[in-house]
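Structure file query25.tsv (TSV, C-alpha atoms) follows.
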```tsv
chain	number	residue	atom	x	y	z
V	910	MET	CA	106.06	9.42	-44.26
V	911	THR	CA	107.59	7.99	-47.42
V	912	CYS	CA	107.21	8.47	-51.13
V	913	ALA	CA	105.40	5.13	-51.20
V	914	GLU	CA	102.66	6.63	-49.03
V	915	ALA	CA	102.05	9.53	-51.41
V	916	THR	CA	99.41	9.75	-54.12
V	917	VAL	CA	100.68	11.87	-57.01
V	918	LEU	CA	99.13	13.55	-60.03
V	919	VAL	CA	101.20	15.37	-62.65
V	920	ASN	CA	99.04	17.51	-64.91
V	921	GLY	CA	96.08	15.44	-63.77
V	922	ARG	CA	97.66	12.08	-64.63
V	923	PRO	CA	98.40	9.48	-61.94
V	924	GLY	CA	102.06	8.55	-61.96
V	925	GLY	CA	102.88	11.25	-64.48
V	926	VAL	CA	106.49	12.32	-64.99
V	927	VAL	CA	108.12	15.72	-64.56
V	928	GLU	CA	110.21	16.74	-67.55
V	929	VAL	CA	113.94	17.22	-67.11
V	930	LEU	CA	113.73	20.80	-68.47
V	931	GLU	CA	111.13	21.79	-65.86
V	932	ARG	CA	111.87	25.40	-64.81
V	933	GLY	CA	110.58	24.71	-61.33
V	934	LEU	CA	113.40	22.20	-60.93
V	935	HIS	CA	116.11	24.33	-62.54
V	936	PHE	CA	115.24	27.76	-61.12
V	937	GLY	CA	112.55	27.34	-58.47
V	938	ASP	CA	110.34	29.11	-61.01
V	939	GLY	CA	106.95	28.41	-59.50
V	940	LEU	CA	104.75	28.39	-56.43
V	941	PHE	CA	103.22	25.91	-54.02
V	942	GLU	CA	100.45	25.50	-51.47
V	943	THR	CA	100.22	23.15	-48.49
V	944	ILE	CA	96.57	22.32	-47.88
V	945	ALA	CA	95.10	20.50	-44.89
V	946	CYS	CA	92.38	17.92	-45.65
V	947	LEU	CA	89.95	16.57	-43.08
V	948	LYS	CA	86.69	14.67	-43.49
V	949	GLY	CA	87.26	14.55	-47.23
V	950	ARG	CA	87.46	18.33	-47.63
V	951	ALA	CA	90.30	20.72	-48.41
V	952	ARG	CA	90.45	23.37	-45.69
V	953	PHE	CA	90.34	27.03	-46.83
V	954	LEU	CA	90.72	25.92	-50.45
V	955	SER	CA	89.47	29.19	-51.94
V	956	LEU	CA	92.06	31.17	-49.97
V	957	HIS	CA	94.85	28.84	-51.11
V	958	LEU	CA	93.82	29.12	-54.76
V	959	GLU	CA	93.46	32.89	-54.48
V	960	ARG	CA	97.01	33.22	-53.14
V	961	LEU	CA	98.30	30.89	-55.85
V	962	GLN	CA	96.56	32.91	-58.56
V	963	GLN	CA	97.96	36.17	-57.20
V	964	GLY	CA	101.45	34.66	-57.16
V	965	CYS	CA	101.08	33.54	-60.78
V	966	GLY	CA	100.16	37.09	-61.69
V	967	ARG	CA	103.22	38.50	-59.95
V	968	LEU	CA	105.56	35.93	-61.55
V	969	ARG	CA	103.78	36.18	-64.92
V	970	ILE	CA	103.10	32.47	-65.04
V	971	GLY	CA	100.43	31.82	-67.63
V	972	PHE	CA	97.86	29.42	-66.22
V	973	GLU	CA	94.13	29.50	-66.88
V	974	GLY	CA	92.90	26.14	-65.60
V	975	TRP	CA	91.71	27.27	-62.18
V	976	GLY	CA	88.41	25.40	-62.35
V	977	LEU	CA	90.15	22.19	-63.33
V	978	LEU	CA	92.70	22.65	-60.56
V	979	ARG	CA	89.97	23.11	-57.97
V	980	THR	CA	88.23	19.96	-59.19
V	981	GLU	CA	91.46	17.95	-58.94
V	982	VAL	CA	92.15	19.18	-55.40
V	983	GLU	CA	88.60	18.48	-54.25
V	984	ALA	CA	88.71	14.97	-55.74
V	985	MET	CA	92.09	14.26	-54.14
V	986	ALA	CA	90.80	15.43	-50.76
V	987	ALA	CA	87.61	13.39	-51.08
V	988	GLY	CA	89.65	10.26	-51.83
V	989	ALA	CA	91.69	10.45	-48.63
V	990	ALA	CA	91.08	7.60	-46.19
V	991	GLY	CA	91.70	9.93	-43.25
V	992	PRO	CA	93.28	13.30	-42.45
V	993	ALA	CA	95.80	14.17	-45.14
V	994	ILE	CA	98.07	16.90	-46.39
V	995	LEU	CA	97.97	18.02	-50.01
V	996	LYS	CA	100.91	19.76	-51.60
V	997	LEU	CA	100.08	21.61	-54.78
V	998	LEU	CA	102.94	22.84	-56.96
V	999	LEU	CA	102.47	25.06	-59.99
V	1000	SER	CA	105.56	25.68	-62.12
V	1001	ARG	CA	106.06	27.79	-65.22
V	1002	GLY	CA	106.68	24.49	-66.98
V	1003	PRO	CA	109.42	22.96	-69.12
V	1004	ALA	CA	111.84	25.47	-70.62
V	1005	THR	CA	111.44	26.17	-74.32
V	1006	ALA	CA	114.85	27.84	-74.56
V	1007	ARG	CA	118.10	27.68	-72.63
V	1008	GLY	CA	118.78	30.30	-69.92
V	1009	TYR	CA	116.92	32.25	-67.28
V	1010	ALA	CA	114.67	34.18	-69.64
V	1011	ALA	CA	111.16	32.84	-70.07
V	1012	ARG	CA	109.93	33.06	-73.67
V	1013	GLY	CA	106.27	33.19	-72.76
V	1014	ASP	CA	105.29	30.04	-74.66
V	1015	GLU	CA	105.88	27.69	-71.72
V	1016	VAL	CA	103.02	25.45	-70.58
V	1017	ALA	CA	102.57	25.43	-66.80
V	1018	THR	CA	103.07	22.18	-64.90
V	1019	ARG	CA	100.82	21.28	-61.97
V	1020	ILE	CA	101.80	18.62	-59.45
V	1021	LEU	CA	99.45	17.45	-56.71
V	1022	LEU	CA	100.58	15.15	-53.89
V	1023	ARG	CA	98.53	13.64	-51.07
V	1024	GLN	CA	100.28	12.29	-47.99
V	1025	PRO	CA	98.97	11.02	-44.63
V	1026	TRP	CA	98.66	13.58	-41.86
V	1027	PRO	CA	101.82	13.43	-39.73
V	1028	ALA	CA	101.52	12.37	-36.12
V	1029	ASP	CA	100.69	15.38	-33.93
V	1030	ASP	CA	100.86	15.82	-30.18
V	1031	PRO	CA	97.58	17.52	-29.20
V	1032	ALA	CA	99.28	18.87	-26.08
V	1033	LEU	CA	101.21	21.34	-28.23
V	1034	GLY	CA	98.03	23.25	-29.01
V	1035	ARG	CA	96.80	23.12	-25.41
V	1036	GLU	CA	100.02	23.84	-23.54
V	1037	GLY	CA	102.26	25.50	-26.11
V	1038	ILE	CA	105.51	24.71	-27.87
V	1039	ASN	CA	109.18	25.37	-27.24
V	1040	ALA	CA	110.75	27.72	-29.78
V	1041	ARG	CA	114.19	29.18	-30.38
V	1042	ILE	CA	115.66	32.20	-32.13
V	1043	GLY	CA	117.33	31.23	-35.38
V	1044	THR	CA	120.78	32.34	-36.45
V	1045	LEU	CA	120.00	32.51	-40.17
V	1046	ARG	CA	118.80	35.88	-41.45
V	1047	LEU	CA	116.25	36.03	-44.24
V	1048	GLY	CA	117.21	38.05	-47.31
V	1049	GLU	CA	114.99	41.03	-48.11
V	1050	ASN	CA	113.53	41.18	-51.61
V	1051	PRO	CA	110.21	43.03	-52.02
V	1052	ALA	CA	109.73	41.51	-55.51
V	1053	LEU	CA	109.27	38.07	-53.89
V	1054	ALA	CA	107.88	39.10	-50.50
V	1055	GLY	CA	104.67	37.39	-49.45
V	1056	MET	CA	104.74	34.66	-52.10
V	1057	LYS	CA	105.14	30.96	-51.38
V	1058	HIS	CA	107.59	30.39	-54.21
V	1059	LEU	CA	109.48	27.17	-54.79
V	1060	ASN	CA	112.87	28.35	-53.52
V	1061	ARG	CA	112.91	27.32	-49.85
V	1062	LEU	CA	116.68	27.07	-49.33
V	1063	GLU	CA	116.63	29.63	-46.52
V	1064	GLN	CA	114.12	27.48	-44.67
V	1065	VAL	CA	116.18	24.34	-45.33
V	1066	LEU	CA	119.23	25.98	-43.75
V	1067	ALA	CA	117.22	27.43	-40.87
V	1068	ARG	CA	115.72	24.04	-40.05
V	1069	ALA	CA	119.19	22.43	-40.07
V	1070	GLU	CA	120.22	24.63	-37.13
V	1071	TRP	CA	118.66	22.38	-34.48
V	1072	GLN	CA	118.05	18.67	-33.87
V	1073	ALA	CA	116.54	18.68	-30.37
V	1074	GLN	CA	113.19	16.90	-30.40
V	1075	ASP	CA	111.74	19.19	-27.72
V	1076	ILE	CA	112.23	22.30	-29.91
V	1077	HIS	CA	109.37	22.68	-32.36
V	1078	GLU	CA	110.11	25.86	-34.29
V	1079	SER	CA	112.69	28.60	-34.84
V	1080	LEU	CA	111.84	32.30	-35.19
V	1081	LEU	CA	113.64	34.16	-37.96
V	1082	PHE	CA	114.68	37.77	-38.44
V	1083	SER	CA	115.55	39.47	-41.71
V	1084	SER	CA	118.92	40.84	-42.74
V	1085	SER	CA	117.89	44.25	-41.37
V	1086	GLY	CA	116.85	42.83	-38.00
V	1087	ARG	CA	113.08	42.67	-38.48
V	1088	LEU	CA	111.11	39.77	-37.00
V	1089	ILE	CA	109.52	37.92	-39.94
V	1090	SER	CA	108.31	34.38	-39.22
V	1091	GLY	CA	109.20	30.88	-38.15
V	1092	THR	CA	110.77	28.37	-40.52
V	1093	MET	CA	107.27	27.08	-41.40
V	1094	THR	CA	104.96	29.44	-39.54
V	1095	ASN	CA	103.76	33.00	-39.25
V	1096	VAL	CA	104.16	34.76	-35.92
V	1097	PHE	CA	101.81	36.87	-33.80
V	1098	LEU	CA	102.54	38.85	-30.63
V	1099	VAL	CA	100.07	40.12	-28.04
V	1100	ARG	CA	100.78	43.47	-26.41
V	1101	ASN	CA	98.35	45.49	-24.30
V	1102	GLY	CA	95.65	43.03	-25.26
V	1103	GLY	CA	96.04	43.68	-29.01
V	1104	LEU	CA	97.56	41.60	-31.77
V	1105	LEU	CA	100.68	42.46	-33.75
V	1106	THR	CA	102.09	40.53	-36.71
V	1107	PRO	CA	105.13	41.33	-38.86
V	1108	ARG	CA	104.63	43.33	-42.01
V	1109	LEU	CA	105.75	41.10	-44.88
V	1110	ASP	CA	106.58	43.64	-47.57
V	1111	ARG	CA	110.32	42.80	-47.61
V	1112	CYS	CA	110.32	39.02	-47.19
V	1113	GLY	CA	108.33	36.20	-45.68
V	1114	VAL	CA	105.21	34.31	-46.72
V	1115	GLN	CA	101.68	35.63	-46.28
V	1116	GLY	CA	100.20	32.45	-44.87
V	1117	VAL	CA	96.60	31.41	-45.36
V	1118	MET	CA	96.18	30.69	-41.64
V	1119	ARG	CA	97.71	34.09	-40.89
V	1120	ARG	CA	95.00	35.64	-43.04
V	1121	VAL	CA	92.28	33.65	-41.26
V	1122	ILE	CA	93.57	34.65	-37.82
V	1123	MET	CA	93.66	38.33	-38.80
V	1124	ARG	CA	90.09	38.09	-40.06
V	1125	GLU	CA	88.84	36.29	-36.96
V	1126	ALA	CA	90.63	38.74	-34.65
V	1127	ARG	CA	88.97	41.72	-36.28
V	1128	GLU	CA	85.55	40.04	-36.23
V	1129	ALA	CA	86.07	39.35	-32.51
V	1130	GLY	CA	86.74	43.05	-31.92
V	1131	LEU	CA	90.42	42.61	-31.15
V	1132	SER	CA	92.96	45.23	-32.15
V	1133	MET	CA	94.95	43.79	-35.09
V	1134	ARG	CA	97.93	45.48	-36.71
V	1135	GLU	CA	100.60	44.55	-39.27
V	1136	THR	CA	103.78	46.43	-38.41
V	1137	GLU	CA	107.57	46.29	-38.27
V	1138	LEU	CA	108.64	44.21	-35.28
V	1139	PHE	CA	112.09	43.72	-33.78
V	1140	ALA	CA	113.76	41.67	-31.04
V	1141	ALA	CA	112.74	44.27	-28.46
V	1142	ASP	CA	109.07	43.72	-29.34
V	1143	LEU	CA	109.46	39.99	-28.93
V	1144	ALA	CA	111.11	40.52	-25.54
V	1145	VAL	CA	108.11	42.40	-24.12
V	1146	ALA	CA	105.31	40.41	-25.75
V	1147	GLU	CA	102.63	39.23	-23.34
V	1148	GLU	CA	101.76	36.25	-25.54
V	1149	VAL	CA	103.32	34.72	-28.66
V	1150	PHE	CA	101.71	32.23	-31.02
V	1151	LEU	CA	102.50	30.73	-34.42
V	1152	THR	CA	100.24	29.67	-37.27
V	1153	ASN	CA	100.27	27.55	-40.41
V	1154	ALA	CA	97.85	25.59	-42.56
V	1155	ARG	CA	98.47	22.25	-40.83
V	1156	VAL	CA	98.85	23.07	-37.13
V	1157	GLY	CA	96.37	25.92	-37.06
V	1158	LEU	CA	97.61	27.85	-34.00
V	1159	TRP	CA	100.52	26.94	-31.74
V	1160	PRO	CA	101.01	28.96	-28.53
V	1161	VAL	CA	104.67	29.50	-27.64
V	1162	ARG	CA	105.43	28.30	-24.11
V	1163	THR	CA	109.17	28.95	-24.04
V	1164	LEU	CA	111.49	30.93	-26.30
V	1165	ASP	CA	115.21	30.15	-26.03
V	1166	GLY	CA	114.41	28.72	-22.61
V	1167	ARG	CA	112.59	31.86	-21.41
V	1168	GLN	CA	109.19	31.06	-19.96
V	1169	LEU	CA	106.32	32.89	-21.65
V	1170	GLY	CA	103.67	31.45	-19.39
V	1171	GLY	CA	101.80	29.32	-21.91
V	1172	PRO	CA	98.64	30.24	-23.81
V	1173	GLY	CA	97.23	33.55	-22.62
V	1174	PRO	CA	93.67	34.91	-22.79
V	1175	VAL	CA	93.93	36.39	-26.30
V	1176	THR	CA	95.45	33.19	-27.66
V	1177	ARG	CA	92.74	31.10	-26.02
V	1178	ARG	CA	90.03	33.36	-27.40
V	1179	LEU	CA	91.34	32.95	-30.92
V	1180	GLN	CA	91.76	29.20	-30.50
V	1181	ALA	CA	88.10	28.98	-29.52
V	1182	ARG	CA	87.06	30.84	-32.68
V	1183	LEU	CA	89.43	28.91	-34.91
V	1184	GLY	CA	88.64	25.42	-33.58
V	1185	PRO	CA	85.32	24.87	-35.39
V	1186	LEU	CA	86.80	26.14	-38.69
V	1187	LEU	CA	89.61	23.58	-38.44
V	1188	GLU	CA	87.65	20.59	-37.17
V	1189	THR	CA	84.80	20.96	-39.68
V	1190	PRO	CA	86.78	22.27	-42.67
V	1191	VAL	CA	85.41	25.35	-44.36
V	1192	ASP	CA	86.32	26.58	-47.82
V	1193	ALA	CA	87.04	30.25	-47.11
```
Represent the supplied structure as structure tokens.
Amino acid sequence: MTCAEATVLVNGRPGGVVEVLERGLHFGDGLFETIACLKGRARFLSLHLERLQQGCGRLRIGFEGWGLLRTEVEAMAAGAAGPAILKLLLSRGPATARGYAARGDEVATRILLRQPWPADDPALGREGINARIGTLRLGENPALAGMKHLNRLEQVLARAEWQAQDIHESLLFSSSGRLISGTMTNVFLVRNGGLLTPRLDRCGVQGVMRRVIMREAREAGLSMRETELFAADLAVAEEVFLTNARVGLWPVRTLDGRQLGGPGPVTRRLQARLGPLLETPVDA
């Protein structure tokens, strides 16, 4: 996909410009959401906006236009000719003074982009993907843990580690050796028929699809636990799958060449529950 294929709004204006003093550009001082759109609707929009609002509270970004933002996202989704991906960025805004310190009188900048849905191989969901273990270690910082902030340099470096087209994702550990996520996904393990997912109180992003999977697992009566996980846990997992807002759920078929046997019964059960929510987009 190219920039020419994107539809862009800056503060609600088509073709608007981003100011050179924008703190999101200088410092990564902001947040973003990646929202899947199908059939003219933004999938799990309320959950995305809730996470964005919580992040603004943690970063002390003053923004009050949540109703307007929802309206803009819904209109952008409705205007898509087919499946699309929306990227919503919310920055603290242009700096009103030089330096790191925010004065508190900044006016937040919102940027909304719509791009065509990238080509997907449906076999990845049915049969599973090939994943690897990344070399890069994620830094631990509880002050930023869980948020989808604008600084994604760790993910940029992690994604640069491989070029092979048959590898679809890389699993990442933190500096203290804890399993955290993929470069663009959250990770779940199945052990003794129950679900485990990394606790993200030191680093990582609390994904919207992760939240949906945890909810659906509990409603299905499955054991679901957030906990510290390490390489040893990954080695003995009965099933492994990955989630994000676009792909939904990806089973892991191989990990560093080790066969995991493809989608197992717990993964299939969750795929069956998740499918209708993805194909006929719901709001929450």
Polymer residues at most 10 Å from Thr1044 of chain V, all atoms listed in the file, same-chain spacing of 3 or more positions, as a PyMOL selection string: chain V and resi 1041+1047+1066-1067+1070+1079-1082
Distance query segment 976-985 of chain V at most 9 Å, only C-alpha atoms, self and fewer than 6 positions along chain excluded, as an MDAnalysis selection string: chainID V and resid 916 918 921 949:951 954:955 958 995 997 1019 1021:1023
Could you list, as number ranges by chain, every residue within 7 Å of segment 1161-1166 of chain V, counting all atoms listed in the file and ignoring same-chain residues fewer than 4 positions away? V: 1037-1042, 1149-1150, 1170-1171
Please identify all polymer residues within 7 Å of segment 1172-1177 of chain V, counting all atoms listed in the file, omitting same-chain residues fewer than 5 positions from it, and present them as a PyMOL selection string. chain V and resi 1036-1037+1102+1148+1160
Considering only C-alpha atoms, can you say which of V:Ser1000, V:Gln1180, V:Gln962, V:Thr1152 comes closest to Thr1092 of chain V? V:Thr1152
Would you please work out which residue, of V:Gly1034, V:Gly1184, V:Gly1002, V:Pro992, is nearest to Ile1122 of chain V when using only C-alpha atoms?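 Using only C-alpha atoms, the shortest distance to Ile1122 of chain V belongs to V:Gly1184.
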Have a look at V:Phe972, V:Trp1071, V:Trp1159, V:Phe936 and name the one nearest to Tyr1009 of chain V; count only C-alpha atoms.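 The answer is V:Phe936, which sits nearest to Tyr1009 of chain V.
Distances here use all atoms listed in the file; by that measure, the residue among V:Ala989, V:Leu1158, V:Leu1059, V:Ala1140 closest to Asn1095 of chain V is V:Leu1158.
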Completed segment 1094-1118 of chain V (N, CA and C atoms) as an mmCIF file, in the coordinates of the input:
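Writing the result to part_16.cif gives the following:
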```cif
data_model
loop_
_atom_site.group_PDB
_atom_site.id
_atom_site.type_symbol
_atom_site.label_atom_id
_atom_site.label_comp_id
_atom_site.auth_asym_id
_atom_site.auth_seq_id
_atom_site.Cartn_x
_atom_site.Cartn_y
_atom_site.Cartn_z
ATOM 1 N N THR V 1094 106.119 28.817 -40.163
ATOM 2 C CA THR V 1094 104.960 29.440 -39.540
ATOM 3 C C THR V 1094 105.006 30.952 -39.659
ATOM 4 N N ASN V 1095 103.845 31.567 -39.481
ATOM 5 C CA ASN V 1095 103.760 33.000 -39.250
ATOM 6 C C ASN V 1095 103.681 33.264 -37.760
ATOM 7 N N VAL V 1096 104.051 34.457 -37.344
ATOM 8 C CA VAL V 1096 104.160 34.760 -35.920
ATOM 9 C C VAL V 1096 103.240 35.928 -35.548
ATOM 10 N N PHE V 1097 102.641 35.818 -34.367
ATOM 11 C CA PHE V 1097 101.810 36.870 -33.800
ATOM 12 C C PHE V 1097 102.278 37.153 -32.375
ATOM 13 N N LEU V 1098 102.247 38.431 -32.002
ATOM 14 C CA LEU V 1098 102.540 38.850 -30.630
ATOM 15 C C LEU V 1098 101.292 39.510 -30.056
ATOM 16 N N VAL V 1099 101.128 39.402 -28.742
ATOM 17 C CA VAL V 1099 100.070 40.120 -28.040
ATOM 18 C C VAL V 1099 100.725 41.142 -27.131
ATOM 19 N N ARG V 1100 100.275 42.386 -27.272
ATOM 20 C CA ARG V 1100 100.780 43.470 -26.410
ATOM 21 C C ARG V 1100 99.613 44.383 -26.068
ATOM 22 N N ASN V 1101 99.460 44.656 -24.782
ATOM 23 C CA ASN V 1101 98.350 45.490 -24.300
ATOM 24 C C ASN V 1101 97.003 44.966 -24.797
ATOM 25 N N GLY V 1102 96.896 43.654 -24.871
ATOM 26 C CA GLY V 1102 95.650 43.030 -25.260
ATOM 27 C C GLY V 1102 95.357 43.037 -26.739
ATOM 28 N N GLY V 1103 96.241 43.630 -27.568
ATOM 29 C CA GLY V 1103 96.040 43.680 -29.010
ATOM 30 C C GLY V 1103 97.048 42.812 -29.736
ATOM 31 N N LEU V 1104 96.722 42.472 -30.972
ATOM 32 C CA LEU V 1104 97.560 41.600 -31.770
ATOM 33 C C LEU V 1104 98.464 42.387 -32.697
ATOM 34 N N LEU V 1105 99.712 41.920 -32.800
ATOM 35 C CA LEU V 1105 100.680 42.460 -33.750
ATOM 36 C C LEU V 1105 101.234 41.304 -34.571
ATOM 37 N N THR V 1106 101.440 41.530 -35.858
ATOM 38 C CA THR V 1106 102.090 40.530 -36.710
ATOM 39 C C THR V 1106 103.024 41.253 -37.656
ATOM 40 N N PRO V 1107 104.157 40.629 -38.011
ATOM 41 C CA PRO V 1107 105.130 41.330 -38.860
ATOM 42 C C PRO V 1107 104.554 41.728 -40.213
ATOM 43 N N ARG V 1108 104.930 42.911 -40.652
ATOM 44 C CA ARG V 1108 104.630 43.330 -42.010
ATOM 45 C C ARG V 1108 105.558 42.561 -42.945
ATOM 46 N N LEU V 1109 104.989 42.001 -44.014
ATOM 47 C CA LEU V 1109 105.750 41.100 -44.880
ATOM 48 C C LEU V 1109 105.947 41.704 -46.261
ATOM 49 N N ASP V 1110 106.368 42.960 -46.297
ATOM 50 C CA ASP V 1110 106.580 43.640 -47.570
ATOM 51 C C ASP V 1110 108.031 43.569 -48.034
ATOM 52 N N ARG V 1111 108.906 42.958 -47.232
ATOM 53 C CA ARG V 1111 110.320 42.800 -47.610
ATOM 54 C C ARG V 1111 110.692 41.341 -47.819
ATOM 55 N N CYS V 1112 110.087 40.463 -47.050
ATOM 56 C CA CYS V 1112 110.320 39.020 -47.190
ATOM 57 C C CYS V 1112 109.262 38.306 -46.374
ATOM 58 N N GLY V 1113 109.307 36.983 -46.417
ATOM 59 C CA GLY V 1113 108.330 36.200 -45.680
ATOM 60 C C GLY V 1113 107.174 35.757 -46.553
ATOM 61 N N VAL V 1114 106.351 34.876 -46.012
ATOM 62 C CA VAL V 1114 105.210 34.310 -46.720
ATOM 63 C C VAL V 1114 103.919 34.752 -46.029
ATOM 64 N N GLN V 1115 102.989 35.257 -46.813
ATOM 65 C CA GLN V 1115 101.680 35.630 -46.280
ATOM 66 C C GLN V 1115 100.811 34.381 -46.200
ATOM 67 N N GLY V 1116 100.865 33.734 -45.045
ATOM 68 C CA GLY V 1116 100.200 32.450 -44.870
ATOM 69 C C GLY V 1116 98.691 32.548 -44.896
ATOM 70 N N VAL V 1117 98.061 31.471 -45.357
ATOM 71 C CA VAL V 1117 96.600 31.410 -45.360
ATOM 72 C C VAL V 1117 96.059 31.437 -43.937
ATOM 73 N N MET V 1118 96.670 30.679 -43.010
ATOM 74 C CA MET V 1118 96.180 30.690 -41.640
ATOM 75 C C MET V 1118 96.419 32.059 -40.997
#
```
